[in-house]
>>> print(open('my_file-v1.txt').read())   # compact mmCIF, C-alpha atoms
# COMPACT_ATOMS: atom_id res chain seq x y z
CA ASN A 1 0.00 0.00 0.00
CA ALA A 2 1.93 3.00 -1.28
CA GLY A 3 -0.66 5.64 -0.31
CA VAL A 4 -0.34 8.79 -2.41
CA THR A 5 2.62 9.07 -4.75
CA GLN A 6 3.74 11.97 -6.95
CA THR A 7 5.93 12.09 -10.02
CA PRO A 8 8.37 13.76 -10.50
CA LYS A 9 9.92 14.88 -7.20
CA PHE A 10 11.80 17.80 -8.73
CA ARG A 11 11.62 19.66 -12.01
CA VAL A 12 13.12 22.78 -13.54
CA LEU A 13 11.33 24.41 -16.46
CA LYS A 14 11.96 27.40 -18.65
CA THR A 15 9.24 30.02 -19.05
CA GLY A 16 6.74 28.88 -21.65
CA GLN A 17 7.46 25.16 -21.38
CA SER A 18 4.74 22.69 -20.50
CA MET A 19 4.66 19.74 -18.18
CA THR A 20 2.36 17.32 -16.37
CA LEU A 21 2.54 16.30 -12.73
CA LEU A 22 1.18 12.87 -11.92
CA CYS A 23 -0.56 11.91 -8.70
CA ALA A 24 -1.55 8.32 -7.97
CA GLN A 25 -3.36 6.80 -5.01
CA ASP A 26 -4.06 3.16 -4.26
CA MET A 27 -6.67 3.65 -1.53
CA ASN A 28 -9.69 3.81 -3.84
CA HIS A 29 -10.56 7.32 -2.65
CA GLU A 30 -13.10 9.33 -4.59
CA TYR A 31 -11.86 12.81 -3.74
CA MET A 32 -8.51 14.10 -4.91
CA TYR A 33 -6.91 17.53 -4.65
CA TRP A 34 -3.99 19.56 -5.98
CA TYR A 35 -2.45 22.22 -3.74
CA ARG A 36 0.47 24.57 -4.06
CA GLN A 37 2.58 25.60 -1.11
CA ASP A 38 4.36 28.92 -1.04
CA PRO A 39 6.34 30.44 1.84
CA GLY A 40 4.12 32.10 4.44
CA MET A 41 0.92 31.22 2.60
CA GLY A 42 0.08 27.72 3.74
CA LEU A 43 -1.47 25.49 1.11
CA ARG A 44 -3.85 26.80 -1.52
CA LEU A 45 -6.21 24.62 -3.49
CA ILE A 46 -5.66 24.65 -7.26
CA HIS A 47 -8.16 22.06 -8.54
CA TYR A 48 -10.03 19.13 -7.11
CA SER A 49 -11.99 16.09 -8.23
CA VAL A 50 -14.95 14.37 -6.61
CA GLY A 51 -14.65 11.24 -8.70
CA GLU A 52 -13.46 9.67 -11.91
CA GLY A 53 -14.17 11.89 -14.90
CA THR A 54 -14.92 15.00 -12.83
CA THR A 55 -12.78 18.04 -12.06
CA ALA A 56 -13.43 21.51 -10.67
CA LYS A 57 -11.60 24.73 -9.90
CA GLY A 58 -10.25 25.59 -6.48
CA GLU A 59 -8.93 28.89 -5.17
CA VAL A 60 -6.03 29.46 -7.58
CA PRO A 61 -6.79 27.59 -10.84
CA ASP A 62 -5.40 30.04 -13.40
CA GLY A 63 -2.60 28.63 -15.52
CA TYR A 64 -3.34 25.02 -14.59
CA ASN A 65 -5.47 22.23 -16.02
CA VAL A 66 -6.32 18.83 -14.58
CA SER A 67 -7.69 15.50 -15.65
CA ARG A 68 -9.07 12.47 -13.80
CA LEU A 69 -9.47 9.80 -16.44
CA LYS A 70 -8.90 7.00 -13.95
CA LYS A 71 -10.01 6.98 -10.34
CA GLN A 72 -6.52 6.38 -9.04
CA ASN A 73 -4.79 9.12 -11.03
CA PHE A 74 -5.09 12.90 -10.94
CA LEU A 75 -2.94 14.86 -13.39
CA LEU A 76 -1.98 18.52 -13.09
CA GLY A 77 -0.86 20.27 -16.26
CA LEU A 78 0.94 23.52 -16.90
CA GLU A 79 0.51 24.51 -20.55
CA SER A 80 2.86 27.49 -20.51
CA ALA A 81 4.89 27.73 -17.33
CA ALA A 82 5.53 31.10 -15.68
CA PRO A 83 7.97 32.04 -12.89
CA SER A 84 4.95 32.70 -10.63
CA GLN A 85 4.28 28.96 -10.76
CA THR A 86 7.52 28.18 -8.95
CA SER A 87 6.24 26.34 -5.92
CA VAL A 88 5.93 23.02 -4.17
CA TYR A 89 2.91 21.07 -5.37
CA PHE A 90 1.07 18.57 -3.20
CA CYS A 91 -1.55 16.09 -4.18
CA ALA A 92 -3.99 14.64 -1.67
CA SER A 93 -6.81 12.15 -1.58
CA ARG A 94 -9.61 12.09 0.95
CA PHE A 95 -11.53 9.46 2.84
CA LEU A 96 -14.33 10.79 5.06
CA VAL A 97 -12.77 13.85 6.74
CA ALA A 98 -9.09 12.87 6.56
CA GLN A 99 -6.82 13.92 3.70
CA PHE A 100 -3.72 11.93 2.78
CA PHE A 101 -0.90 13.84 1.15
CA GLY A 102 1.79 12.87 -1.31
CA PRO A 103 5.45 13.82 -0.75
CA GLY A 104 5.32 16.82 -3.09
CA THR A 105 6.89 18.02 -6.33
CA ARG A 106 9.27 20.95 -6.19
CA LEU A 107 8.93 22.94 -9.41
CA THR A 108 11.16 25.82 -10.43
CA VAL A 109 10.32 27.95 -13.47
CA LEU A 110 13.18 30.06 -14.75
CA GLY B 1 -16.28 29.72 3.80
CA ASN B 2 -13.76 28.79 6.44
CA SER B 3 -10.72 30.81 7.52
CA VAL B 4 -7.91 30.21 9.98
CA THR B 5 -5.69 32.46 12.07
CA GLN B 6 -2.66 30.62 13.28
CA MET B 7 0.06 31.69 15.67
CA GLU B 8 2.93 33.20 13.78
CA GLY B 9 6.31 31.62 14.03
CA PRO B 10 8.94 30.69 14.07
CA VAL B 11 8.77 29.18 17.52
CA THR B 12 12.07 28.13 19.06
CA LEU B 13 12.13 25.99 22.19
CA SER B 14 14.55 23.93 24.21
CA GLU B 15 14.00 20.22 24.52
CA GLU B 16 11.43 19.28 27.20
CA ALA B 17 9.80 22.73 27.10
CA PHE B 18 6.02 23.16 26.95
CA LEU B 19 4.54 23.97 23.56
CA THR B 20 1.40 25.89 22.63
CA ILE B 21 0.52 26.87 19.10
CA ASN B 22 -2.66 28.93 18.92
CA CYS B 23 -5.29 28.45 16.25
CA THR B 24 -8.63 30.18 15.86
CA TYR B 25 -11.03 29.72 13.01
CA THR B 26 -14.17 31.06 11.44
CA ALA B 27 -16.47 28.64 9.71
CA THR B 28 -19.92 28.05 8.37
CA GLY B 29 -21.57 25.51 10.58
CA TYR B 30 -19.52 23.16 12.73
CA PRO B 31 -16.40 22.00 10.98
CA SER B 32 -14.10 19.15 11.88
CA LEU B 33 -10.74 20.46 13.02
CA PHE B 34 -7.30 19.13 12.17
CA TRP B 35 -3.67 19.66 12.90
CA TYR B 36 -1.26 18.55 10.19
CA VAL B 37 2.52 18.33 10.53
CA GLN B 38 5.12 18.69 7.81
CA TYR B 39 8.61 17.42 8.52
CA PRO B 40 11.48 18.84 6.46
CA GLY B 41 11.32 17.72 2.83
CA GLU B 42 8.10 15.77 3.29
CA GLY B 43 4.39 16.12 2.63
CA LEU B 44 1.78 16.87 5.27
CA GLN B 45 0.74 14.19 7.73
CA LEU B 46 -2.37 14.18 9.83
CA LEU B 47 -1.33 14.73 13.45
CA LEU B 48 -4.68 14.79 15.23
CA LYS B 49 -8.30 15.69 14.75
CA ALA B 50 -11.53 16.52 16.56
CA THR B 51 -14.91 16.28 14.93
CA LYS B 52 -17.24 17.92 17.43
CA ALA B 53 -17.29 20.45 20.23
CA ASP B 54 -15.31 19.54 23.38
CA ASP B 55 -13.63 16.61 21.64
CA LYS B 56 -9.93 16.27 22.41
CA GLY B 57 -7.66 14.98 19.69
CA SER B 58 -4.34 13.48 20.71
CA ASN B 59 -1.37 11.79 19.10
CA LYS B 60 2.37 11.46 19.81
CA GLY B 61 2.00 13.48 23.03
CA PHE B 62 0.24 16.36 21.25
CA GLU B 63 -3.27 17.41 22.25
CA ALA B 64 -5.87 19.89 21.05
CA THR B 65 -9.41 20.52 22.27
CA TYR B 66 -12.26 21.69 20.06
CA ARG B 67 -13.58 24.86 21.74
CA LYS B 68 -16.72 25.96 20.01
CA GLU B 69 -17.33 28.93 22.31
CA THR B 70 -13.95 30.47 21.49
CA THR B 71 -13.68 28.92 17.98
CA SER B 72 -10.23 27.68 18.87
CA PHE B 73 -8.19 24.51 18.48
CA HIS B 74 -4.85 25.21 20.18
CA LEU B 75 -2.11 22.60 19.89
CA GLU B 76 -0.18 21.66 23.04
CA LYS B 77 2.58 19.30 24.07
CA GLY B 78 3.98 19.02 27.56
CA SER B 79 7.56 18.18 26.67
CA VAL B 80 8.86 18.71 23.14
CA GLN B 81 11.68 16.76 21.55
CA VAL B 82 14.16 17.70 18.84
CA SER B 83 12.29 15.32 16.53
CA ASP B 84 9.18 17.53 16.84
CA SER B 85 10.89 20.23 14.77
CA ALA B 86 8.54 20.73 11.83
CA VAL B 87 5.88 23.02 10.40
CA TYR B 88 2.44 22.70 11.97
CA PHE B 89 -0.78 23.57 10.15
CA CYS B 90 -4.21 24.10 11.65
CA ALA B 91 -7.02 23.24 9.24
CA PRO B 92 -10.77 23.27 9.69
CA PHE B 93 -12.64 20.97 7.40
CA GLY B 94 -16.23 21.36 6.52
CA ALA B 95 -18.64 21.58 3.68
CA GLY B 96 -19.16 25.29 4.24
CA GLY B 97 -21.81 25.21 1.63
CA THR B 98 -19.62 23.35 -0.86
CA SER B 99 -19.90 19.78 -2.01
CA TYR B 100 -16.25 18.90 -2.07
CA GLY B 101 -15.16 19.11 1.54
CA LYS B 102 -12.53 21.81 1.51
CA LEU B 103 -9.63 21.96 3.92
CA THR B 104 -8.63 25.52 4.78
CA PHE B 105 -5.04 25.80 5.94
CA GLY B 106 -3.44 28.32 8.23
CA GLN B 107 -0.12 29.75 7.11
CA GLY B 108 1.79 27.23 9.21
CA THR B 109 3.94 27.61 12.30
CA ILE B 110 7.58 26.64 12.13
CA LEU B 111 8.76 24.91 15.31
CA THR B 112 12.45 24.42 16.03
CA VAL B 113 13.48 22.47 19.12
CA HIS B 114 17.08 22.69 20.32
CA PRO B 115 18.81 20.04 22.46
>>> encode(input="my_file-v1.txt", output="structure tokens")
Amino acid sequence: NAGVTQTPKFRVLKTGQSMTLLCAQDMNHEYMYWYRQDPGMGLRLIHYSVGEGTTAKGEVPDGYNVSRLKKQNFLLGLESAAPSQTSVYFCASRFLVAQFFGPGTRLTVL
Amino acid sequence: GNSVTQMEGPVTLSEEAFLTINCTYTATGYPSLFWYVQYPGEGLQLLLKATKADDKGSNKGFEATYRKETTSFHLEKGSVQVSDSAVYFCAPFGAGGTSYGKLTFGQGTILTVHP
């Protein structure tokens, strides 16, 4: 039981490049979330999903897209990366009231 | 929606000192309340929770009591260890009129414990 895993752990992009972050969970949870963590700002919700095939916007969705084609996977895409998207990205899945977090992806956009 | 005001850090303590990290919240209805901990280089882990008024959550020597009258959920530990050095996040959870169960995080409190 691996819990929530994220790929990759680190990435450096140039402005304008695109990439996809992968989140996978093996707990059969319906709800999944993408957050970004910036210094002094806690975690902010980017997008979330309440089940396979569904996605919705969170607090800070601009510049990001997501897909949930399979229940166990939740992908976060950056179509044209900007320096403001330099952050640590966390994925989480939820069962009842408890959220389970992945180890994070540290993204730097130059 | 929910919001959280969390004690600003960083907090620096000596080993075996008493710890309090204050957290107050505003929420629609009666949320569940959580403390998450983030150790260096890792993701967040659930530390403890309380789901209704006057409940006390506890784990690893940490405790927090759900105080509805003061809308607070302060984290305490009687004797901290160096291994408790981490960032601590208070987070109410509740529907707040939404259907997706949103966690609202405080800004985090950095705790450093010296030997």
>>> atom_distance(input="my_file-v1.txt", atom1="CA of Ser84 (chain A)", atom2="CA of Val109 (chain A)")
7.7 Å
>>> closest_residue(input="my_file-v1.txt", among="B:Gly9, B:Phe93, B:Pro115, B:Ser85", to="Pro40 (chain B)", atoms="only C-alpha atoms")
B:Ser85
>>> residues_around(input="my_file-v1.txt", residues="Gly16 (chain A)", least_positions_apart="3", cutoff="9 Å", atoms="all atoms listed in the file", output="MDAnalysis selection string")
chainID A and resid 13 79:82 109
>>> atom_distance(input="my_file-v1.txt", atom1="CA of Gly108 (chain B)", atom2="CA of Lys9 (chain A)")
22.1 Å
>>> residues_around(input="my_file-v1.txt", residues="Ala53 (chain B)", least_positions_apart="3", cutoff="8 Å", atoms="only C-alpha atoms", output="number ranges by chain")
B: 50, 66-68
>>> write_last_selection(input="my_file-v1.txt", atoms="C-alpha atoms", output="compact mmCIF listing (two decimals), in the frame of the given file")
# COMPACT_ATOMS: atom_id res chain seq x y z
CA ALA B 50 -11.53 16.52 16.56
CA TYR B 66 -12.26 21.69 20.06
CA ARG B 67 -13.58 24.86 21.74
CA LYS B 68 -16.72 25.96 20.01
>>> decode(input="my_file-v1.txt", residues="region 2-110 of chain B", atoms="C-alpha atoms", output="PDB file, in the first residue's frame")
ATOM      1  CA  ASN B   2     -13.761  28.792   6.440  1.00  0.00           C
ATOM      2  CA  SER B   3     -10.725  30.806   7.519  1.00  0.00           C
ATOM      3  CA  VAL B   4      -7.911  30.212   9.984  1.00  0.00           C
ATOM      4  CA  THR B   5      -5.690  32.457  12.074  1.00  0.00           C
ATOM      5  CA  GLN B   6      -2.660  30.623  13.283  1.00  0.00           C
ATOM      6  CA  MET B   7       0.065  31.688  15.672  1.00  0.00           C
ATOM      7  CA  GLU B   8       2.927  33.198  13.777  1.00  0.00           C
ATOM      8  CA  GLY B   9       6.308  31.624  14.031  1.00  0.00           C
ATOM      9  CA  PRO B  10       8.943  30.691  14.069  1.00  0.00           C
ATOM     10  CA  VAL B  11       8.765  29.176  17.516  1.00  0.00           C
ATOM     11  CA  THR B  12      12.065  28.133  19.060  1.00  0.00           C
ATOM     12  CA  LEU B  13      12.132  25.986  22.191  1.00  0.00           C
ATOM     13  CA  SER B  14      14.553  23.930  24.209  1.00  0.00           C
ATOM     14  CA  GLU B  15      14.005  20.218  24.522  1.00  0.00           C
ATOM     15  CA  GLU B  16      11.433  19.281  27.199  1.00  0.00           C
ATOM     16  CA  ALA B  17       9.798  22.731  27.098  1.00  0.00           C
ATOM     17  CA  PHE B  18       6.021  23.157  26.949  1.00  0.00           C
ATOM     18  CA  LEU B  19       4.537  23.967  23.565  1.00  0.00           C
ATOM     19  CA  THR B  20       1.400  25.889  22.634  1.00  0.00           C
ATOM     20  CA  ILE B  21       0.518  26.868  19.096  1.00  0.00           C
ATOM     21  CA  ASN B  22      -2.660  28.928  18.918  1.00  0.00           C
ATOM     22  CA  CYS B  23      -5.287  28.452  16.253  1.00  0.00           C
ATOM     23  CA  THR B  24      -8.631  30.183  15.856  1.00  0.00           C
ATOM     24  CA  TYR B  25     -11.035  29.718  13.005  1.00  0.00           C
ATOM     25  CA  THR B  26     -14.174  31.060  11.440  1.00  0.00           C
ATOM     26  CA  ALA B  27     -16.471  28.640   9.714  1.00  0.00           C
ATOM     27  CA  THR B  28     -19.917  28.052   8.369  1.00  0.00           C
ATOM     28  CA  GLY B  29     -21.572  25.506  10.583  1.00  0.00           C
ATOM     29  CA  TYR B  30     -19.518  23.164  12.728  1.00  0.00           C
ATOM     30  CA  PRO B  31     -16.401  21.995  10.982  1.00  0.00           C
ATOM     31  CA  SER B  32     -14.102  19.146  11.883  1.00  0.00           C
ATOM     32  CA  LEU B  33     -10.736  20.461  13.019  1.00  0.00           C
ATOM     33  CA  PHE B  34      -7.298  19.126  12.171  1.00  0.00           C
ATOM     34  CA  TRP B  35      -3.668  19.663  12.903  1.00  0.00           C
ATOM     35  CA  TYR B  36      -1.258  18.552  10.187  1.00  0.00           C
ATOM     36  CA  VAL B  37       2.516  18.333  10.534  1.00  0.00           C
ATOM     37  CA  GLN B  38       5.119  18.693   7.811  1.00  0.00           C
ATOM     38  CA  TYR B  39       8.612  17.420   8.524  1.00  0.00           C
ATOM     39  CA  PRO B  40      11.479  18.839   6.458  1.00  0.00           C
ATOM     40  CA  GLY B  41      11.318  17.722   2.834  1.00  0.00           C
ATOM     41  CA  GLU B  42       8.102  15.774   3.285  1.00  0.00           C
ATOM     42  CA  GLY B  43       4.388  16.120   2.627  1.00  0.00           C
ATOM     43  CA  LEU B  44       1.780  16.867   5.265  1.00  0.00           C
ATOM     44  CA  GLN B  45       0.739  14.192   7.731  1.00  0.00           C
ATOM     45  CA  LEU B  46      -2.372  14.180   9.826  1.00  0.00           C
ATOM     46  CA  LEU B  47      -1.331  14.735  13.446  1.00  0.00           C
ATOM     47  CA  LEU B  48      -4.678  14.791  15.226  1.00  0.00           C
ATOM     48  CA  LYS B  49      -8.296  15.694  14.751  1.00  0.00           C
ATOM     49  CA  ALA B  50     -11.525  16.522  16.560  1.00  0.00           C
ATOM     50  CA  THR B  51     -14.907  16.278  14.934  1.00  0.00           C
ATOM     51  CA  LYS B  52     -17.245  17.925  17.432  1.00  0.00           C
ATOM     52  CA  ALA B  53     -17.289  20.454  20.233  1.00  0.00           C
ATOM     53  CA  ASP B  54     -15.314  19.537  23.380  1.00  0.00           C
ATOM     54  CA  ASP B  55     -13.625  16.612  21.644  1.00  0.00           C
ATOM     55  CA  LYS B  56      -9.931  16.275  22.410  1.00  0.00           C
ATOM     56  CA  GLY B  57      -7.659  14.983  19.690  1.00  0.00           C
ATOM     57  CA  SER B  58      -4.341  13.475  20.712  1.00  0.00           C
ATOM     58  CA  ASN B  59      -1.371  11.790  19.102  1.00  0.00           C
ATOM     59  CA  LYS B  60       2.373  11.463  19.813  1.00  0.00           C
ATOM     60  CA  GLY B  61       1.998  13.482  23.030  1.00  0.00           C
ATOM     61  CA  PHE B  62       0.239  16.357  21.248  1.00  0.00           C
ATOM     62  CA  GLU B  63      -3.271  17.408  22.246  1.00  0.00           C
ATOM     63  CA  ALA B  64      -5.866  19.890  21.046  1.00  0.00           C
ATOM     64  CA  THR B  65      -9.412  20.519  22.268  1.00  0.00           C
ATOM     65  CA  TYR B  66     -12.261  21.691  20.058  1.00  0.00           C
ATOM     66  CA  ARG B  67     -13.577  24.857  21.738  1.00  0.00           C
ATOM     67  CA  LYS B  68     -16.724  25.960  20.012  1.00  0.00           C
ATOM     68  CA  GLU B  69     -17.334  28.929  22.310  1.00  0.00           C
ATOM     69  CA  THR B  70     -13.954  30.470  21.488  1.00  0.00           C
ATOM     70  CA  THR B  71     -13.676  28.922  17.981  1.00  0.00           C
ATOM     71  CA  SER B  72     -10.226  27.682  18.867  1.00  0.00           C
ATOM     72  CA  PHE B  73      -8.185  24.513  18.479  1.00  0.00           C
ATOM     73  CA  HIS B  74      -4.852  25.208  20.180  1.00  0.00           C
ATOM     74  CA  LEU B  75      -2.108  22.596  19.888  1.00  0.00           C
ATOM     75  CA  GLU B  76      -0.179  21.658  23.043  1.00  0.00           C
ATOM     76  CA  LYS B  77       2.578  19.303  24.073  1.00  0.00           C
ATOM     77  CA  GLY B  78       3.980  19.020  27.556  1.00  0.00           C
ATOM     78  CA  SER B  79       7.562  18.177  26.667  1.00  0.00           C
ATOM     79  CA  VAL B  80       8.856  18.715  23.139  1.00  0.00           C
ATOM     80  CA  GLN B  81      11.681  16.764  21.547  1.00  0.00           C
ATOM     81  CA  VAL B  82      14.163  17.697  18.842  1.00  0.00           C
ATOM     82  CA  SER B  83      12.290  15.323  16.531  1.00  0.00           C
ATOM     83  CA  ASP B  84       9.179  17.535  16.836  1.00  0.00           C
ATOM     84  CA  SER B  85      10.885  20.229  14.774  1.00  0.00           C
ATOM     85  CA  ALA B  86       8.537  20.729  11.832  1.00  0.00           C
ATOM     86  CA  VAL B  87       5.879  23.023  10.403  1.00  0.00           C
ATOM     87  CA  TYR B  88       2.439  22.699  11.968  1.00  0.00           C
ATOM     88  CA  PHE B  89      -0.782  23.571  10.153  1.00  0.00           C
ATOM     89  CA  CYS B  90      -4.208  24.098  11.651  1.00  0.00           C
ATOM     90  CA  ALA B  91      -7.017  23.238   9.239  1.00  0.00           C
ATOM     91  CA  PRO B  92     -10.766  23.274   9.691  1.00  0.00           C
ATOM     92  CA  PHE B  93     -12.640  20.974   7.401  1.00  0.00           C
ATOM     93  CA  GLY B  94     -16.227  21.360   6.519  1.00  0.00           C
ATOM     94  CA  ALA B  95     -18.639  21.580   3.683  1.00  0.00           C
ATOM     95  CA  GLY B  96     -19.163  25.295   4.245  1.00  0.00           C
ATOM     96  CA  GLY B  97     -21.809  25.209   1.625  1.00  0.00           C
ATOM     97  CA  THR B  98     -19.621  23.351  -0.859  1.00  0.00           C
ATOM     98  CA  SER B  99     -19.899  19.782  -2.009  1.00  0.00           C
ATOM     99  CA  TYR B 100     -16.249  18.902  -2.073  1.00  0.00           C
ATOM    100  CA  GLY B 101     -15.159  19.113   1.537  1.00  0.00           C
ATOM    101  CA  LYS B 102     -12.534  21.815   1.511  1.00  0.00           C
ATOM    102  CA  LEU B 103      -9.625  21.960   3.918  1.00  0.00           C
ATOM    103  CA  THR B 104      -8.632  25.522   4.780  1.00  0.00           C
ATOM    104  CA  PHE B 105      -5.038  25.796   5.942  1.00  0.00           C
ATOM    105  CA  GLY B 106      -3.440  28.319   8.228  1.00  0.00           C
ATOM    106  CA  GLN B 107      -0.124  29.746   7.106  1.00  0.00           C
ATOM    107  CA  GLY B 108       1.795  27.227   9.208  1.00  0.00           C
ATOM    108  CA  THR B 109       3.937  27.613  12.299  1.00  0.00           C
ATOM    109  CA  ILE B 110       7.582  26.637  12.134  1.00  0.00           C
TER     110      ILE B 110
END
